Amino acid sequence: MTTNIFPMNRRAMLGFGASAAALAALPALAQGSDKPVRFILPISAGSGVDAIARAASVALGKALGQPVVIENLPGAGGITGTSAVIKALPDGFTLGMVSNNHVINPSVFKKMPFDAITDITPISVVGATPLVLAVNPKLPAKNVKELVALLRAKPEGYNYASSGNGTIIHLAGEMFMDEAGVKARHIPYKGTGPMVTDMIAGQVEMGVVALPAVQQHIKSGALRAIGVCGPARSPAAPDMPTIAEQGLPNYAVEGWFAVIGPPKMQPADVKRVHEAIVAAFGAPEVREAMDKQGNIVKPTSPEQAASYFRSEAARYAALVKKANVVLE
């Protein structure tokens, strides 16, 4: 079972927020300098992590006292963009936002150009996006018990979609099959968009996907939610039960997002950037944007982030080995 580092208590979610005065009080990275801070995203524009970073970029710039420039560098499952972060000077002027795939990649790729744990400076695991197991409404299953019964009655007679081999979406599906003791045929797509389109069309019966990406489809009836994949219900969909509370207590996975820097950043710079991250994501306008996106935000310390990266890497390595996922 994964450790839930994002408690769902609403007061806790809002209590860490910094006021505008606190934002102004944080020192700039370089006094009197207009040098921009590169905020590298190892994913395409328009993705969930991209929306999160852009929603916080203005507040982050205010907190740092420097302009923040978002730079999308997708490719190789996030390796391309993260490599750019790692190669940058450790002066606090280059940051990156990564997700679960950062610690999954070492297990699914035969070769990695860097060590995902030791070749970065962890700054904060900022929060998480809830995932949901959804099905095409023509599938005669309305909850976990009924879905498991269908899969057991017809092993490998059904398909489940993912946004790509070795992604958190893929492994969340594999984790469900493993916990429930059932099987289904994996159909990988190149991204969430085409995956959701085919789920709605009935080309594939089910899949795990970020709640913000399908919430409108669930409300319209184009898709049916089986359950939230995280350890607790989402504030964005409080009436949607978790998979854990429906009989699979060890099932818990969510799409987290974290801020990192190049290796060997100075402690003073790490502290300064961490304080800016906490202040930016605590700003009222950013909290509102995160709530609308369905994200849970409660930044960890750099030390907690480092520990979480290690535990998540070990957790996914075991699952990848069991699922026999290997990419070139």
# chains A, B, ... in the order shown; residues from 1 in each chain; ligands from 1
call {"tool": "select_by_dssp", "arguments": {"residues": "region 92-251 of chain A", "states": "alpha helix (DSSP H)", "output": "PyMOL selection string"}}
result
chain A and resi 101-108+144-153+168-180+192-201+211-220
call {"tool": "residues_around", "arguments": {"residues": "Leu133 (chain A)", "least_positions_apart": "4", "cutoff": "9 Å", "atoms": "only C-alpha atoms", "output": "ChimeraX atom specification"}}
result
/A:172-173,206-211,224-229,243
call {"tool": "write_last_selection", "arguments": {"atoms": "C-alpha atoms", "output": "short mmCIF file (atom, residue, chain, number, x, y, z; two decimals), in the first residue's frame"}}
result
data_model
loop_
_atom_site.label_atom_id
_atom_site.label_comp_id
_atom_site.auth_asym_id
_atom_site.auth_seq_id
_atom_site.Cartn_x
_atom_site.Cartn_y
_atom_site.Cartn_z
CA ALA A 172 -2.49 1.88 -12.42
CA GLY A 173 -4.47 -0.49 -14.65
CA MET A 206 -12.20 0.51 -19.56
CA GLY A 207 -9.17 2.44 -18.39
CA VAL A 208 -7.65 4.48 -15.60
CA VAL A 209 -7.45 8.19 -16.38
CA ALA A 210 -7.00 11.49 -14.56
CA LEU A 211 -10.33 12.62 -13.11
CA ARG A 224 -19.19 5.55 -16.09
CA ALA A 225 -16.92 5.87 -13.08
CA ILE A 226 -16.18 2.66 -11.20
CA GLY A 227 -14.13 4.33 -8.48
CA VAL A 228 -11.41 6.77 -7.48
CA CYS A 229 -7.98 5.17 -7.48
CA ILE A 243 -11.72 1.44 -5.24
#
call {"tool": "select_by_dssp", "arguments": {"residues": "region 57-291 of chain A", "states": "strand (DSSP E)", "output": "number ranges by chain"}}
result
A: 68-72, 94-99, 121-129, 131-135, 159-162, 185-188, 206-210, 224-228, 255-261
call {"tool": "closest_atom_pairs", "arguments": {"of": "region 303-322 of chain A", "to": "region 120-129 of chain A", "cutoff": "8 Å", "atoms": "only C-alpha atoms", "output": "CSV"}}
result
residue,atom,partner,partner_atom,distance
A:Glu303,CA,A:Pro122,CA,7.6
A:Gln304,CA,A:Ser124,CA,7.6
A:Ala305,CA,A:Ser124,CA,5.3
A:Ala306,CA,A:Pro122,CA,5.7
call {"tool": "atom_distance", "arguments": {"atom1": "CA of Thr192 (chain A)", "atom2": "CA of Gly48 (chain A)"}}
result
10.1 Å
call {"tool": "residues_around", "arguments": {"residues": "Gly247 (chain A)", "least_positions_apart": "2", "cutoff": "9 Å", "atoms": "only C-alpha atoms", "output": "VMD selection string"}}
result
chain A and resid 144 to 145 180 243 to 245 249 to 250
call {"tool": "residues_around", "arguments": {"residues": "region 194-205 of chain A", "least_positions_apart": "6", "cutoff": "6 Å", "atoms": "only C-alpha atoms", "output": "PyMOL selection string"}}
result
chain A and resi 135-136+159+222
call {"tool": "closest_residue", "arguments": {"among": "A:Ala141, A:Met240, A:Leu89, A:Leu171", "to": "Ala317 (chain A)", "atoms": "only C-alpha atoms"}}
result
A:Leu171
call {"tool": "atom_distance", "arguments": {"atom1": "CA of Phe39 (chain A)", "atom2": "CA of Phe109 (chain A)"}}
result
25.0 Å
call {"tool": "closest_residue", "arguments": {"among": "A:Pro140, A:Gly78, A:Gly191, A:Gly166", "to": "Pro113 (chain A)", "atoms": "only C-alpha atoms"}}
result
A:Gly78
call {"tool": "residues_around", "arguments": {"residues": "Ser99 (chain A)", "least_positions_apart": "4", "cutoff": "12 Å", "atoms": "only C-alpha atoms", "output": "PyMOL selection string"}}
result
chain A and resi 41-43+47-50+52-53+77-79+82+103-105+116+124-129+167-169+254-260+305+308-309+312-313
call {"tool": "residues_around", "arguments": {"residues": "Lys87 (chain A)", "least_positions_apart": "5", "cutoff": "10 Å", "atoms": "only C-alpha atoms", "output": "PDB file with N, CA and C atoms, in the first residue's frame"}}
result
ATOM      1  N   THR A  82      13.759  16.201 -18.509  1.00  0.00           N
ATOM      2  CA  THR A  82      14.454  16.048 -17.232  1.00  0.00           C
ATOM      3  C   THR A  82      15.959  16.103 -17.428  1.00  0.00           C
ATOM      4  N   THR A  94      17.036  27.228 -12.920  1.00  0.00           N
ATOM      5  CA  THR A  94      16.420  26.185 -13.738  1.00  0.00           C
ATOM      6  C   THR A  94      15.726  25.199 -12.805  1.00  0.00           C
ATOM      7  N   PHE A 114      20.552   9.197 -16.941  1.00  0.00           N
ATOM      8  CA  PHE A 114      20.795   9.766 -15.618  1.00  0.00           C
ATOM      9  C   PHE A 114      20.150   8.878 -14.567  1.00  0.00           C
ATOM     10  N   ASP A 119      20.663  12.082  -9.339  1.00  0.00           N
ATOM     11  CA  ASP A 119      21.101  13.132 -10.261  1.00  0.00           C
ATOM     12  C   ASP A 119      20.165  14.332 -10.290  1.00  0.00           C
ATOM     13  N   ILE A 120      19.332  14.494  -9.265  1.00  0.00           N
ATOM     14  CA  ILE A 120      18.444  15.649  -9.156  1.00  0.00           C
ATOM     15  C   ILE A 120      18.537  16.221  -7.744  1.00  0.00           C
ATOM     16  N   GLY A 261      15.250  20.314  -9.041  1.00  0.00           N
ATOM     17  CA  GLY A 261      16.278  21.170  -9.604  1.00  0.00           C
ATOM     18  C   GLY A 261      17.451  20.326 -10.062  1.00  0.00           C
ATOM     19  N   PRO A 262      18.461  20.964 -10.643  1.00  0.00           N
ATOM     20  CA  PRO A 262      19.671  20.228 -11.035  1.00  0.00           C
ATOM     21  C   PRO A 262      20.376  19.671  -9.809  1.00  0.00           C
ATOM     22  N   PRO A 263      21.251  18.704 -10.005  1.00  0.00           N
ATOM     23  CA  PRO A 263      21.981  18.155  -8.856  1.00  0.00           C
ATOM     24  C   PRO A 263      22.907  19.196  -8.236  1.00  0.00           C
TER      25      PRO A 263
END
call {"tool": "residues_around", "arguments": {"residues": "Ala280 (chain A)", "least_positions_apart": "6", "cutoff": "7 Å", "atoms": "only C-alpha atoms", "output": "list in words"}}
result
Ala56, Ala59, Leu60 and Ala63 of chain A
call {"tool": "decode", "arguments": {"residues": "region 198-212 of chain A", "atoms": "all heavy atoms", "output": "compact mmCIF listing (two decimals), in the first residue's frame"}}
result
# COMPACT_ATOMS: atom_id res chain seq x y z
N ASP A 198 -11.60 6.61 -27.66
CA ASP A 198 -11.96 5.22 -27.95
C ASP A 198 -12.72 4.57 -26.80
O ASP A 198 -13.53 3.65 -27.03
CB ASP A 198 -10.70 4.41 -28.28
CG ASP A 198 -10.35 4.47 -29.76
OD1 ASP A 198 -10.94 5.32 -30.47
OD2 ASP A 198 -9.49 3.69 -30.21
N MET A 199 -12.50 5.02 -25.58
CA MET A 199 -13.30 4.52 -24.46
C MET A 199 -14.75 4.94 -24.63
O MET A 199 -15.67 4.14 -24.42
CB MET A 199 -12.75 5.04 -23.13
CG MET A 199 -11.47 4.35 -22.66
SD MET A 199 -10.77 5.11 -21.16
CE MET A 199 -12.11 4.85 -19.99
N ILE A 200 -14.97 6.18 -25.02
CA ILE A 200 -16.33 6.68 -25.23
C ILE A 200 -16.99 5.96 -26.39
O ILE A 200 -18.18 5.62 -26.35
CB ILE A 200 -16.31 8.21 -25.47
CG1 ILE A 200 -15.88 8.94 -24.19
CG2 ILE A 200 -17.67 8.71 -25.93
CD1 ILE A 200 -15.65 10.41 -24.37
N ALA A 201 -16.20 5.68 -27.43
CA ALA A 201 -16.74 5.00 -28.62
C ALA A 201 -16.95 3.51 -28.40
O ALA A 201 -17.59 2.84 -29.21
CB ALA A 201 -15.80 5.22 -29.80
N GLY A 202 -16.41 2.98 -27.32
CA GLY A 202 -16.57 1.56 -27.04
C GLY A 202 -15.53 0.67 -27.70
O GLY A 202 -15.67 -0.55 -27.69
N GLN A 203 -14.47 1.27 -28.26
CA GLN A 203 -13.41 0.48 -28.86
C GLN A 203 -12.61 -0.27 -27.79
O GLN A 203 -12.05 -1.32 -28.04
CB GLN A 203 -12.46 1.39 -29.67
CG GLN A 203 -13.14 2.11 -30.82
CD GLN A 203 -13.72 1.15 -31.84
OE1 GLN A 203 -13.07 0.18 -32.24
NE2 GLN A 203 -14.95 1.41 -32.27
N VAL A 204 -12.54 0.31 -26.60
CA VAL A 204 -11.97 -0.35 -25.43
C VAL A 204 -12.97 -0.18 -24.29
O VAL A 204 -13.68 0.83 -24.23
CB VAL A 204 -10.60 0.22 -25.03
CG1 VAL A 204 -9.52 -0.24 -25.96
CG2 VAL A 204 -10.64 1.74 -24.96
N GLU A 205 -13.02 -1.16 -23.42
CA GLU A 205 -14.08 -1.15 -22.39
C GLU A 205 -13.77 -0.30 -21.18
O GLU A 205 -14.68 0.22 -20.54
CB GLU A 205 -14.37 -2.58 -21.91
CG GLU A 205 -15.11 -3.45 -22.91
CD GLU A 205 -14.20 -4.18 -23.87
OE1 GLU A 205 -12.96 -4.04 -23.73
OE2 GLU A 205 -14.71 -4.90 -24.76
N MET A 206 -12.50 -0.14 -20.84
CA MET A 206 -12.20 0.51 -19.56
C MET A 206 -10.80 1.10 -19.58
O MET A 206 -10.00 0.84 -20.48
CB MET A 206 -12.31 -0.50 -18.42
CG MET A 206 -11.21 -1.54 -18.41
SD MET A 206 -11.55 -2.99 -17.37
CE MET A 206 -12.47 -3.98 -18.55
N GLY A 207 -10.50 1.88 -18.55
CA GLY A 207 -9.17 2.44 -18.39
C GLY A 207 -9.10 3.35 -17.19
O GLY A 207 -10.12 3.88 -16.73
N VAL A 208 -7.91 3.51 -16.66
CA VAL A 208 -7.65 4.48 -15.60
C VAL A 208 -7.22 5.78 -16.25
O VAL A 208 -6.41 5.78 -17.17
CB VAL A 208 -6.56 3.98 -14.64
CG1 VAL A 208 -6.17 5.08 -13.64
CG2 VAL A 208 -7.03 2.74 -13.89
N VAL A 209 -7.76 6.89 -15.78
CA VAL A 209 -7.45 8.19 -16.38
C VAL A 209 -7.57 9.26 -15.31
O VAL A 209 -8.25 9.06 -14.29
CB VAL A 209 -8.39 8.46 -17.58
CG1 VAL A 209 -9.83 8.62 -17.12
CG2 VAL A 209 -7.94 9.65 -18.40
N ALA A 210 -6.91 10.38 -15.52
CA ALA A 210 -7.00 11.49 -14.56
C ALA A 210 -8.45 11.99 -14.50
O ALA A 210 -9.09 12.19 -15.53
CB ALA A 210 -6.07 12.62 -14.98
N LEU A 211 -8.94 12.19 -13.29
CA LEU A 211 -10.33 12.62 -13.11
C LEU A 211 -10.65 13.90 -13.87
O LEU A 211 -11.71 13.98 -14.52
CB LEU A 211 -10.62 12.78 -11.62
CG LEU A 211 -12.03 13.27 -11.25
CD1 LEU A 211 -13.09 12.32 -11.77
CD2 LEU A 211 -12.15 13.42 -9.73
N PRO A 212 -9.78 14.95 -13.85
CA PRO A 212 -10.13 16.17 -14.59
C PRO A 212 -10.33 15.94 -16.09
O PRO A 212 -11.09 16.67 -16.72
CB PRO A 212 -8.92 17.08 -14.34
CG PRO A 212 -8.34 16.59 -13.05
CD PRO A 212 -8.54 15.10 -13.08
